[in-house]
file input31.cif (mmCIF, C-alpha atoms)
data_entry
loop_
_atom_site.label_atom_id
_atom_site.label_comp_id
_atom_site.auth_asym_id
_atom_site.auth_seq_id
_atom_site.Cartn_x
_atom_site.Cartn_y
_atom_site.Cartn_z
CA MET A 2 0.00 0.00 0.00
CA ILE A 3 2.85 2.38 0.84
CA ALA A 4 4.37 1.69 -2.59
CA MET A 5 1.05 2.58 -4.24
CA ILE A 6 0.67 5.81 -2.28
CA SER A 7 4.29 6.73 -3.06
CA PHE A 8 3.79 6.04 -6.77
CA ASN A 9 0.60 8.12 -6.74
CA THR A 10 2.43 11.03 -5.08
CA PHE A 11 5.34 10.76 -7.51
CA VAL A 12 3.07 10.85 -10.59
CA GLN A 13 1.11 13.77 -9.15
CA LEU A 14 4.41 15.62 -8.65
CA VAL A 15 5.25 15.06 -12.32
CA ALA A 16 1.80 16.48 -13.17
CA VAL A 17 2.51 19.50 -10.94
CA LEU A 18 5.74 20.08 -12.86
CA ALA A 19 3.97 19.98 -16.23
CA GLN A 20 1.05 22.10 -15.02
CA ASN A 21 3.10 24.90 -13.41
CA LYS A 22 6.26 24.95 -15.49
CA LYS A 23 5.66 28.42 -16.84
CA LYS A 24 5.15 29.84 -13.36
CA GLY A 25 8.67 28.93 -12.21
CA TRP A 26 10.22 27.05 -9.33
CA ARG A 27 8.40 28.90 -6.53
CA ALA A 28 4.98 27.90 -7.87
CA VAL A 29 6.18 24.34 -8.51
CA LEU A 30 7.44 24.11 -4.91
CA LYS A 31 4.18 25.47 -3.49
CA GLU A 32 2.03 23.11 -5.57
CA GLY A 33 4.43 20.24 -4.86
CA LEU A 34 4.05 20.84 -1.14
CA ILE A 35 0.25 20.74 -1.49
CA THR A 36 0.65 17.33 -3.14
CA LEU A 37 3.11 16.04 -0.55
CA LEU A 38 0.77 17.08 2.28
CA PHE A 39 -2.07 15.14 0.57
CA LEU A 40 -4.13 18.34 0.27
CA ARG A 41 -4.45 18.07 -3.51
CA PRO A 42 -8.13 16.88 -3.65
CA PHE A 43 -9.29 19.74 -1.38
CA VAL A 44 -7.32 22.41 -3.23
CA ASP A 45 -8.45 21.13 -6.65
CA ALA A 46 -12.11 20.99 -5.59
CA TRP A 47 -11.87 24.50 -4.10
CA ARG A 48 -10.37 25.90 -7.30
CA VAL A 49 -13.08 24.31 -9.45
CA TYR A 50 -15.77 25.64 -7.11
CA ARG A 51 -14.28 29.16 -7.21
CA LYS A 52 -13.81 28.92 -11.01
CA HIS A 53 -10.12 29.69 -10.45
CA ASP A 54 -8.55 30.93 -13.69
CA ASP A 55 -4.81 31.06 -14.19
CA SER A 56 -3.65 31.70 -17.73
CA GLU A 57 -0.09 30.60 -16.90
CA THR A 58 -0.96 27.02 -16.04
CA ALA A 59 -0.97 24.33 -18.73
CA THR A 60 -4.61 23.31 -18.18
CA ASP A 61 -7.74 24.76 -16.52
CA SER A 62 -8.65 23.85 -12.93
CA LEU A 63 -11.32 21.28 -13.89
CA THR A 64 -8.91 19.39 -16.14
CA GLU A 65 -6.27 19.52 -13.39
CA MET A 66 -8.71 18.01 -10.89
CA ILE A 67 -9.74 15.28 -13.34
CA VAL A 68 -6.09 14.44 -14.11
CA ASN A 69 -5.30 14.16 -10.39
CA LYS A 70 -8.35 11.98 -9.77
CA GLY A 71 -7.27 9.78 -12.68
CA ILE A 72 -3.77 9.44 -11.24
CA GLU A 73 -5.25 8.46 -7.86
CA LEU A 74 -7.40 5.83 -9.54
CA ALA A 75 -4.64 4.28 -11.63
CA ALA A 76 -1.81 4.46 -9.10
CA GLU A 77 -3.62 3.81 -5.83
CA SER A 78 -7.29 2.73 -5.92
CA ILE A 79 -7.11 0.12 -8.69
CA PRO A 80 -3.90 -1.61 -7.50
CA GLY A 81 -5.42 -1.52 -3.99
CA CYS A 82 -8.55 -3.35 -5.21
CA VAL A 83 -6.50 -6.00 -7.00
CA LEU A 84 -4.32 -6.47 -3.90
CA GLN A 85 -7.36 -6.91 -1.65
CA CYS A 86 -8.91 -9.49 -4.01
CA TYR A 87 -5.55 -11.30 -4.22
CA VAL A 88 -5.20 -11.46 -0.42
CA LEU A 89 -8.80 -12.68 -0.06
CA LEU A 90 -8.23 -15.42 -2.63
CA LEU A 91 -5.04 -16.56 -0.90
CA ASN A 92 -6.71 -16.52 2.54
CA PRO A 93 -10.44 -17.20 2.03
CA SER A 94 -10.98 -17.35 5.80
CA LEU A 95 -10.30 -13.59 5.98
CA GLY A 96 -13.58 -12.97 4.21
CA SER A 97 -15.79 -14.96 6.58
CA SER A 98 -16.68 -14.66 10.25
CA ARG A 99 -16.07 -18.40 10.87
CA MET B 4 -15.06 4.29 -4.02
CA THR B 5 -13.24 3.48 -7.27
CA GLY B 6 -16.56 3.30 -9.13
CA LEU B 7 -17.68 6.58 -7.60
CA THR B 8 -14.47 8.40 -8.59
CA SER B 9 -14.68 7.04 -12.13
CA ALA B 10 -18.32 8.10 -12.46
CA MET B 11 -17.49 11.51 -10.99
CA ILE B 12 -14.80 12.09 -13.63
CA ALA B 13 -17.25 11.29 -16.45
CA TYR B 14 -20.09 13.26 -14.85
CA ASP B 15 -18.02 16.39 -14.07
CA MET B 16 -16.62 16.55 -17.59
CA ASP B 17 -19.93 15.95 -19.34
CA THR B 18 -22.00 18.42 -17.33
CA ASP B 19 -19.40 21.21 -17.41
CA GLU B 20 -21.02 24.03 -19.39
CA PRO B 21 -17.84 25.34 -21.12
CA HIS B 22 -17.05 21.81 -22.35
CA ARG B 23 -20.61 21.38 -23.64
CA ALA B 24 -20.43 24.74 -25.39
CA THR B 25 -17.07 24.17 -27.08
CA GLN B 26 -17.37 20.43 -27.87
CA PRO B 27 -21.09 19.80 -28.47
CA LEU B 28 -20.33 16.72 -30.59
CA PHE B 29 -18.90 14.91 -27.57
CA TYR B 30 -20.26 16.39 -24.32
CA GLY B 31 -23.94 16.41 -23.39
CA TYR B 32 -24.94 12.73 -23.35
CA ILE B 33 -26.26 13.07 -19.76
CA LYS B 34 -29.81 14.40 -20.11
CA ASP B 35 -30.65 17.31 -17.83
CA GLY B 36 -33.70 15.72 -16.22
CA ARG B 37 -31.92 12.42 -15.57
CA ARG B 38 -28.61 13.47 -14.09
CA GLY B 39 -29.04 11.68 -10.74
CA ARG B 40 -30.19 8.41 -12.31
CA THR B 41 -27.42 8.44 -14.92
CA PHE B 42 -24.77 9.18 -12.28
CA PHE B 43 -26.04 6.30 -10.13
CA LEU B 44 -25.95 3.93 -13.11
CA MET B 45 -22.42 5.04 -14.06
CA THR B 46 -21.23 4.47 -10.47
CA MET B 47 -22.73 0.97 -10.30
CA ILE B 48 -21.43 -0.01 -13.76
CA SER B 49 -17.91 1.15 -12.85
CA ALA B 50 -17.98 -0.58 -9.46
CA LEU B 51 -19.09 -3.91 -10.98
CA HIS B 52 -16.62 -3.57 -13.82
CA ASN B 53 -13.85 -2.94 -11.31
CA LEU B 54 -14.90 -5.89 -9.16
CA SER B 55 -14.90 -8.46 -11.96
CA ARG B 56 -11.70 -7.15 -13.49
CA SER B 57 -9.88 -7.01 -10.13
CA VAL B 58 -11.04 -10.55 -9.29
CA GLY B 59 -9.79 -11.64 -12.74
CA TYR B 60 -6.31 -10.23 -12.13
CA ALA B 61 -6.25 -11.59 -8.57
CA ILE B 62 -7.08 -15.06 -9.94
CA LEU B 63 -4.25 -14.80 -12.47
CA ALA B 64 -1.86 -13.62 -9.75
CA VAL B 65 -2.81 -16.60 -7.54
CA VAL B 66 -2.25 -18.99 -10.46
CA ASP B 67 1.07 -17.42 -11.45
CA LEU B 68 2.28 -13.93 -10.63
CA ASN B 69 4.40 -13.85 -13.81
CA LEU B 70 1.36 -14.74 -15.91
CA ALA B 71 -0.55 -11.77 -14.45
CA LEU B 72 2.41 -9.52 -15.21
CA LYS B 73 2.63 -10.86 -18.78
CA PHE B 74 -1.07 -10.18 -19.32
CA PHE B 75 -0.70 -6.64 -18.01
CA VAL B 76 2.35 -5.87 -20.14
CA GLY B 77 0.68 -7.51 -23.15
CA GLU B 78 -2.53 -5.49 -22.82
CA VAL B 79 -0.80 -2.15 -22.28
CA GLY B 80 1.87 -2.93 -24.91
CA PHE B 81 -0.75 -3.84 -27.52
CA TYR B 82 -2.61 -0.61 -26.80
CA LEU B 83 0.56 1.49 -27.10
CA LEU B 84 1.43 -0.18 -30.41
CA TYR B 85 -2.12 0.52 -31.62
CA LYS B 86 -1.70 4.21 -30.72
CA ILE B 87 1.72 4.42 -32.38
CA ALA B 88 0.46 2.66 -35.52
CA ARG B 89 -2.37 5.21 -35.77
CA ARG B 90 0.09 8.11 -35.19
CA ASP B 91 -1.82 8.99 -32.06
CA PHE B 92 0.73 8.29 -29.34
CA TYR B 93 1.37 11.85 -28.13
CA TRP B 94 -0.91 13.30 -25.50
CA TRP B 95 -2.61 16.64 -26.31
CA LEU B 96 -0.76 18.76 -23.74
CA ARG B 97 1.60 21.33 -25.30
CA LEU B 98 4.84 19.66 -24.32
CA GLU B 99 8.04 19.08 -26.22
CA GLY B 100 11.07 16.78 -26.18
CA VAL B 101 11.67 14.16 -23.51
CA LEU B 102 8.93 15.49 -21.22
CA SER B 103 6.34 15.01 -23.96
CA VAL B 104 7.41 11.38 -24.50
CA ILE B 105 7.47 10.63 -20.75
CA LEU B 106 4.11 12.26 -20.04
CA SER B 107 2.49 10.77 -23.13
CA LEU B 108 3.67 7.30 -22.13
CA LEU B 109 2.48 7.89 -18.58
CA ASP B 110 -0.90 9.24 -19.70
CA ARG B 111 -1.53 6.50 -22.24
CA THR B 112 -0.63 3.80 -19.69
CA LEU B 113 -2.67 5.28 -16.82
CA VAL B 114 -5.68 5.95 -19.06
CA LYS B 115 -5.56 2.37 -20.33
CA VAL B 116 -5.42 1.04 -16.76
CA ILE B 117 -8.33 3.26 -15.63
CA THR B 118 -10.46 2.22 -18.61
CA ASP B 119 -9.62 -1.46 -18.16
CA PHE B 120 -10.54 -1.44 -14.49
CA THR B 121 -13.36 1.10 -14.22
CA GLY B 122 -14.73 1.69 -17.70
CA CYS B 123 -14.69 5.46 -17.07
CA ILE B 124 -17.00 6.74 -19.82
CA HIS B 125 -15.17 10.01 -20.36
CA LEU B 126 -12.10 8.12 -21.60
CA ARG B 127 -13.83 7.19 -24.87
CA HIS B 128 -12.81 10.71 -25.97
CA SER B 129 -10.69 10.71 -29.13
CA LEU B 130 -7.96 12.59 -27.23
CA GLU B 131 -7.73 9.63 -24.83
CA LEU B 132 -8.63 6.05 -25.87
CA GLY B 133 -11.02 6.79 -28.71
CA GLY B 134 -14.54 5.35 -29.05
CA LEU B 135 -13.80 2.07 -30.79
CA ALA B 136 -10.77 1.26 -28.61
CA TYR B 137 -12.89 2.08 -25.56
CA SER B 138 -15.73 -0.27 -26.55
CA SER B 139 -13.31 -3.07 -27.51
CA THR B 140 -11.59 -2.64 -24.15
CA MET B 141 -14.94 -2.94 -22.36
CA VAL B 142 -15.77 -6.19 -24.16
CA TRP B 143 -12.34 -7.70 -23.47
CA ALA B 144 -12.43 -6.56 -19.83
CA GLN B 145 -15.64 -8.56 -19.35
CA ILE B 146 -14.26 -11.67 -21.08
CA PHE B 147 -10.90 -11.54 -19.29
CA PRO B 148 -11.99 -12.76 -15.79
CA PHE B 149 -13.51 -15.90 -17.35
CA VAL B 150 -10.27 -16.54 -19.25
CA ALA B 151 -8.35 -16.17 -15.97
CA LEU B 152 -10.79 -18.54 -14.22
CA GLY B 153 -9.94 -21.21 -16.80
CA TRP B 154 -6.46 -21.50 -15.24
CA TYR B 155 -7.68 -21.50 -11.65
CA GLU B 156 -7.76 -24.80 -9.75
CA GLY B 157 -8.72 -23.61 -6.24
CA GLY B 158 -11.53 -25.13 -4.16
CA ASN B 159 -13.71 -22.03 -4.49
CA LYS B 160 -13.73 -22.05 -8.30
CA GLU B 161 -17.50 -22.58 -8.49
CA GLN B 162 -18.17 -19.70 -6.11
CA LEU B 163 -15.93 -17.43 -8.17
CA GLN B 164 -17.68 -18.50 -11.35
CA LYS B 165 -21.07 -17.64 -9.82
CA LEU B 166 -19.74 -14.28 -8.67
CA LEU B 167 -18.34 -13.42 -12.11
CA ILE B 168 -21.50 -14.52 -13.94
CA SER B 169 -23.65 -12.47 -11.55
CA CYS B 170 -21.40 -9.43 -11.99
CA PHE B 171 -21.54 -9.77 -15.76
CA GLY B 172 -25.34 -10.19 -15.79
CA VAL B 173 -26.01 -7.16 -13.60
CA TRP B 174 -23.37 -5.13 -15.51
CA LEU B 175 -25.15 -5.96 -18.76
CA VAL B 176 -28.58 -4.94 -17.41
CA LEU B 177 -27.20 -1.69 -15.96
CA ASN B 178 -25.53 -0.88 -19.27
CA GLY B 179 -28.88 -1.38 -21.03
CA LEU B 180 -30.52 1.03 -18.57
CA PHE B 181 -27.64 3.48 -18.98
CA PHE B 182 -27.93 3.59 -22.77
CA CYS B 183 -31.70 4.05 -22.42
CA SER B 184 -31.21 7.01 -20.08
CA ILE B 185 -28.64 8.99 -22.12
CA ASP B 186 -29.10 11.12 -25.21
CA ARG B 187 -28.85 8.53 -27.98
CA THR B 188 -27.39 10.95 -30.52
CA PHE B 189 -24.10 10.42 -28.64
CA LEU B 190 -24.04 6.65 -29.25
CA ARG B 191 -21.62 7.18 -32.16
CA THR B 192 -19.03 8.57 -29.69
CA PHE B 193 -18.75 5.02 -28.29
CA PHE B 194 -17.64 3.63 -31.64
CA THR B 195 -15.75 6.41 -33.40
CA ARG B 196 -12.34 5.60 -34.90
CA LYS B 197 -11.11 9.22 -34.91
CA THR B 198 -7.62 9.91 -33.59
CA GLY B 199 -6.83 12.95 -31.43
CA PRO B 200 -5.56 15.10 -34.34
CA GLN B 201 -8.52 14.12 -36.54
CA TYR B 202 -10.91 15.07 -33.75
CA ILE B 203 -9.22 18.45 -33.20
CA CYS B 204 -9.39 19.32 -36.91
CA GLU B 205 -13.04 18.27 -37.07
CA LEU B 206 -13.76 20.37 -33.99
CA PHE B 207 -12.00 23.36 -35.56
CA ARG B 208 -14.02 23.00 -38.75
CA THR B 209 -17.39 22.55 -37.04
CA SER B 210 -17.03 25.18 -34.29
CA THR B 211 -19.01 28.31 -34.97
CA LEU B 212 -17.61 30.54 -32.21
CA ASP B 213 -14.23 32.22 -32.68
CA SER B 214 -13.40 31.56 -29.02
CA ALA B 215 -13.99 27.82 -29.46
CA LYS B 216 -11.99 27.72 -32.69
CA PHE B 217 -9.09 29.58 -31.04
CA ARG B 218 -9.04 27.26 -28.04
CA THR B 219 -9.21 24.21 -30.29
CA ALA B 220 -6.40 25.34 -32.56
CA PHE B 221 -3.96 26.76 -30.01
CA SER B 222 -4.45 24.98 -26.67
CA LYS B 223 -3.35 21.57 -27.90
CA ARG B 224 -0.12 20.13 -29.24
CA ARG B 225 0.98 21.85 -32.43
CA SER B 226 1.07 18.62 -34.43
CA PHE B 227 -2.66 18.13 -33.77
CA ILE B 228 -3.57 20.84 -36.28
CA ALA B 229 -1.15 19.69 -38.98
CA GLU B 230 -4.01 18.26 -41.07
CA CYS B 231 -5.95 21.55 -41.09
CA GLU B 232 -3.04 24.00 -40.77
CA ASP B 233 -3.86 25.88 -43.98
CA GLU B 234 -7.43 26.42 -42.80
CA VAL B 235 -6.16 27.71 -39.44
CA LYS B 236 -3.74 30.08 -41.21
CA ASP B 237 -6.49 31.45 -43.44
CA TRP B 238 -8.83 31.91 -40.50
CA VAL B 239 -6.15 33.77 -38.49
CA ARG B 240 -5.19 35.93 -41.50
CA VAL B 241 -8.80 36.99 -42.10
CA ASN B 242 -9.58 37.79 -38.44
CA ILE B 243 -6.33 38.88 -36.78
CA GLU B 244 -6.75 42.64 -37.27
CA ARG B 245 -10.29 42.57 -35.86
CA TRP B 246 -9.15 40.60 -32.80
CA ARG B 247 -6.26 42.99 -32.19
CA LEU B 248 -8.69 45.90 -32.23
CA GLU B 249 -11.50 44.31 -30.23
CA LYS B 250 -9.18 42.42 -27.80
CA PRO B 251 -11.65 39.69 -26.76
CA ASP B 252 -10.83 37.86 -23.47
CA TRP B 253 -9.94 34.60 -25.16
CA PHE B 254 -7.54 36.18 -27.66
CA LYS B 255 -3.93 35.61 -26.59
CA ILE B 256 -1.66 36.43 -29.50
CA ASP B 257 1.33 34.81 -27.79
CA LYS B 258 -0.42 31.43 -28.18
CA ILE B 259 -0.27 31.67 -31.97
CA PRO B 260 2.96 30.27 -33.46
CA ASP B 261 5.01 32.62 -35.71
CA ASP B 262 4.47 30.63 -38.87
CA ILE B 263 0.70 30.83 -38.53
CA LEU B 264 0.63 34.59 -37.98
CA PRO B 265 0.98 36.88 -41.04
CA ALA B 266 4.60 38.09 -41.36
CA GLU B 267 3.68 41.76 -40.80
CA VAL B 268 1.92 40.94 -37.53
CA VAL B 269 4.96 38.99 -36.30
CA ALA B 270 7.12 42.03 -37.08
CA GLU B 271 4.73 44.40 -35.28
CA GLU B 272 4.70 42.13 -32.24
CA GLY B 273 8.47 42.26 -31.89
CA GLY B 274 9.69 39.81 -34.54
CA ALA B 275 11.82 36.94 -33.32
CA LYS B 276 11.84 38.39 -29.80
CA ARG B 277 8.06 38.52 -29.40
CA ARG B 278 6.57 36.89 -26.28
CA ARG B 279 5.34 33.38 -26.92
CA SER B 280 3.11 31.13 -24.90
CA SER B 281 5.07 28.17 -24.98
CA ILE B 282 5.30 24.66 -25.28
CA ILE B 283 6.94 23.07 -22.32
CA SER B 284 10.15 21.04 -22.34
CA VAL B 285 12.55 19.86 -19.66
CA ARG B 286 15.33 21.87 -21.31
CA SER B 287 13.37 25.13 -21.31
CA PHE B 288 12.38 24.49 -17.69
CA VAL B 289 15.95 24.02 -16.56
CA LEU B 290 17.28 26.93 -18.64
CA LYS B 291 14.59 29.36 -17.53
CA ASP B 292 15.00 28.77 -13.84
#

call {"tool": "encode", "arguments": {"input": "input31.cif", "output": "structure tokens"}}
result
Amino acid sequence: MIAMISFNTFVQLVAVLAQNKKKGWRAVLKEGLITLLFLRPFVDAWRVYRKHDDSETATDSLTEMIVNKGIELAAESIPGCVLQCYVLLLNPSLGSSR
Amino acid sequence: MTGLTSAMIAYDMDTDEPHRATQPLFYGYIKDGRRGRTFFLMTMISALHNLSRSVGYAILAVVDLNLALKFFVGEVGFYLLYKIARRDFYWWLRLEGVLSVILSLLDRTLVKVITDFTGCIHLRHSLELGGLAYSSTMVWAQIFPFVALGWYEGGNKEQLQKLLISCFGVWLVLNGLFFCSIDRTFLRTFFTRKTGPQYICELFRTSTLDSAKFRTAFSKRRSFIAECEDEVKDWVRVNIERWRLEKPDWFKIDKIPDDILPAEVVAEEGGAKRRRSSIISVRSFVLKD
């Protein structure tokens, strides 16, 4: 699970780099910190709600939120589901109260 | 949770007004009076799809971990080859050099994984999987767990078979209800063979608003408009003076590449030194900062 969360964070950091490149290192560091502190979903949702518009970013705030949700799905949620099914198949007793 | 996130992605994109206004050929399949029902159906379809697919991979991993890995690499590899063969490998973001290859590879792989495991409906977009690839992926994703079960020799094989058949049956019924609840004029988007660049050129040609045309032509990778570049040049040449006078919000002259602007406008804007909204590359990032 830790590997999945780490991979998710790493890919989101790459996305931060691509999204904020034009704004320079300071913006990349700030956005990177938001990602590292796992605040990304809140910040993204807030920006979409406030219709945040920044012409210097590579994509609009809705696309950024969707990309981050997609990364979470592919790097964390889906591998997590497969891992849980795998563990249940290897130890069927885990899934029952007997 | 996975099903909910997948449905939320598709729902948020489809019901976003700016997307509906600029890409009416793709967004708008969720009918206004049936938003709640359609969202519920999308969530359930994704959750069931994820369950059967995850069980399928778990079965393969129990049989042989290497076999599961081979299947994964095979599926993703085949998809990447398909994209390369159709000259549709690069993602739409305006990137250049190594960063564009890395991010395109990452995007194509992650999008394939998400579609395989959740069937996220938004990813049938020509800029992502494309309609036909999406539908083929859905069909294979439903067959795959039964293929995996063929190798399985565990004591609970019958239970797993019942689970997978039930999942498939309910998934099929929910899909029927879903297609009945959406706007059926969008059914073609589930089977289209258009690549990203073909879609962008079609969008440019069919858009009626200047703002939509501008966004289509200049917010994506430059190579995406190669097929309709002459049309874009003509359109810019005819309208550029009016835009410079009227200065509409969406008009950002720095987004237009030099070779698309008329030579006299390039000179007036500062020639080779004019400000450009750029494409992003690792090299430019390092050099700038």

call {"tool": "resolve_selection", "arguments": {"input": "input31.cif", "expression": "the PyMOL selection byres ((chain A and resi 51-57) around 12)", "output": "NGL selection string"}}
result
(:A and (19-25 or 28 or 44-50 or 58-66)) or (:B and (19 or 21 or 222 or 252-255 or 257-258 or 279-283))

call {"tool": "resolve_selection", "arguments": {"input": "input31.cif", "expression": "the PyMOL selection byres ((chain B and resi 115-125) around 8)", "output": "MDAnalysis selection string"}}
result
(chainID A and resid 71 74:75 79) or (chainID B and resid 5:6 9:10 12:13 16:17 48:50 52:53 56:57 79 82 111:114 126:128 132 137 140:141 144)

call {"tool": "residues_around", "arguments": {"input": "input31.cif", "residues": "Leu90 (chain A)", "least_positions_apart": "6", "cutoff": "9 Å", "atoms": "only C-alpha atoms", "output": "list of chain:residue names"}}
result
B:Val58, B:Ala61, B:Ile62, B:Val65, B:Gly157, B:Asn159

call {"tool": "resolve_selection", "arguments": {"input": "input31.cif", "expression": "the PyMOL selection byres ((chain A and resi 6) around 12)", "output": "ChimeraX atom specification"}}
result
/A:2-5,7-13,36-37,39,72-81

call {"tool": "closest_residue", "arguments": {"input": "input31.cif", "among": "B:Asp35, B:Glu249, B:Glu131, B:Glu205", "to": "chain A", "atoms": "only C-alpha atoms"}}
result
B:Glu131

call {"tool": "closest_residue", "arguments": {"input": "input31.cif", "among": "A:Val88, A:Val83, A:Leu95, A:Leu34", "to": "chain B", "atoms": "all atoms listed in the file"}}
result
A:Val83

call {"tool": "closest_residue", "arguments": {"input": "input31.cif", "among": "A:Leu91, A:Ile35, A:Val17, A:Val29", "to": "chain B", "atoms": "all atoms listed in the file"}}
result
A:Leu91

call {"tool": "atom_distance", "arguments": {"input": "input31.cif", "atom1": "CA of Pro42 (chain A)", "atom2": "CA of Tyr30 (chain B)"}}
result
24.0 Å

call {"tool": "closest_residue", "arguments": {"input": "input31.cif", "among": "B:Leu63, B:Ala229, B:Leu180, B:Ile263", "to": "chain A", "atoms": "only C-alpha atoms"}}
result
B:Leu63

call {"tool": "atom_distance", "arguments": {"input": "input31.cif", "atom1": "CA of Phe182 (chain B)", "atom2": "CA of Lys197 (chain B)"}}
result
21.5 Å

call {"tool": "atom_distance", "arguments": {"input": "input31.cif", "atom1": "CA of Gly134 (chain B)", "atom2": "CA of Arg196 (chain B)"}}
result
6.3 Å

call {"tool": "residues_near_point", "arguments": {"input": "input31.cif", "point": "(-16.2, 6.2, -32.6)", "cutoff": "8 Å", "atoms": "only C-alpha atoms", "output": "ChimeraX atom specification"}}
result
/B:129,133-135,191-197

call {"tool": "closest_residue", "arguments": {"input": "input31.cif", "among": "B:Asp67, B:Asp15, B:Glu267, B:Asp261", "to": "chain A", "atoms": "only C-alpha atoms"}}
result
B:Asp15

call {"tool": "closest_residue", "arguments": {"input": "input31.cif", "among": "A:Cys86, A:Asn69, A:Gly33, A:Pro93", "to": "Leu14 (chain A)", "atoms": "only C-alpha atoms"}}
result
A:Gly33

call {"tool": "residues_around", "arguments": {"input": "input31.cif", "residues": "Val150 (chain B)", "least_positions_apart": "3", "cutoff": "12 Å", "atoms": "only C-alpha atoms", "output": "list of chain:residue names"}}
result
B:Ser55, B:Arg56, B:Val58, B:Gly59, B:Tyr60, B:Ile62, B:Leu63, B:Ala71, B:Phe74, B:Trp143, B:Ala144, B:Gln145, B:Ile146, B:Phe147, B:Gly153, B:Trp154, B:Tyr155, B:Gln164, B:Leu167

call {"tool": "decode", "arguments": {"input": "input31.cif", "residues": "region 75-110 of chain B", "atoms": "C-alpha atoms", "output": "PDB file, in the first residue's frame"}}
result
ATOM      1  CA  PHE B  75      -0.698  -6.644 -18.013  1.00  0.00           C
ATOM      2  CA  VAL B  76       2.346  -5.867 -20.145  1.00  0.00           C
ATOM      3  CA  GLY B  77       0.676  -7.514 -23.153  1.00  0.00           C
ATOM      4  CA  GLU B  78      -2.528  -5.491 -22.818  1.00  0.00           C
ATOM      5  CA  VAL B  79      -0.799  -2.153 -22.281  1.00  0.00           C
ATOM      6  CA  GLY B  80       1.868  -2.928 -24.914  1.00  0.00           C
ATOM      7  CA  PHE B  81      -0.747  -3.843 -27.516  1.00  0.00           C
ATOM      8  CA  TYR B  82      -2.607  -0.610 -26.802  1.00  0.00           C
ATOM      9  CA  LEU B  83       0.560   1.495 -27.101  1.00  0.00           C
ATOM     10  CA  LEU B  84       1.426  -0.183 -30.408  1.00  0.00           C
ATOM     11  CA  TYR B  85      -2.119   0.521 -31.623  1.00  0.00           C
ATOM     12  CA  LYS B  86      -1.699   4.208 -30.723  1.00  0.00           C
ATOM     13  CA  ILE B  87       1.720   4.419 -32.376  1.00  0.00           C
ATOM     14  CA  ALA B  88       0.462   2.665 -35.518  1.00  0.00           C
ATOM     15  CA  ARG B  89      -2.366   5.214 -35.774  1.00  0.00           C
ATOM     16  CA  ARG B  90       0.087   8.110 -35.189  1.00  0.00           C
ATOM     17  CA  ASP B  91      -1.817   8.993 -32.056  1.00  0.00           C
ATOM     18  CA  PHE B  92       0.735   8.290 -29.340  1.00  0.00           C
ATOM     19  CA  TYR B  93       1.371  11.847 -28.134  1.00  0.00           C
ATOM     20  CA  TRP B  94      -0.913  13.302 -25.499  1.00  0.00           C
ATOM     21  CA  TRP B  95      -2.613  16.636 -26.311  1.00  0.00           C
ATOM     22  CA  LEU B  96      -0.761  18.763 -23.737  1.00  0.00           C
ATOM     23  CA  ARG B  97       1.603  21.330 -25.300  1.00  0.00           C
ATOM     24  CA  LEU B  98       4.840  19.658 -24.321  1.00  0.00           C
ATOM     25  CA  GLU B  99       8.043  19.082 -26.218  1.00  0.00           C
ATOM     26  CA  GLY B 100      11.068  16.784 -26.183  1.00  0.00           C
ATOM     27  CA  VAL B 101      11.672  14.157 -23.508  1.00  0.00           C
ATOM     28  CA  LEU B 102       8.926  15.486 -21.223  1.00  0.00           C
ATOM     29  CA  SER B 103       6.336  15.011 -23.959  1.00  0.00           C
ATOM     30  CA  VAL B 104       7.412  11.383 -24.502  1.00  0.00           C
ATOM     31  CA  ILE B 105       7.468  10.630 -20.752  1.00  0.00           C
ATOM     32  CA  LEU B 106       4.110  12.262 -20.038  1.00  0.00           C
ATOM     33  CA  SER B 107       2.486  10.774 -23.133  1.00  0.00           C
ATOM     34  CA  LEU B 108       3.674   7.302 -22.133  1.00  0.00           C
ATOM     35  CA  LEU B 109       2.476   7.891 -18.577  1.00  0.00           C
ATOM     36  CA  ASP B 110      -0.898   9.238 -19.701  1.00  0.00           C
TER      37      ASP B 110
END
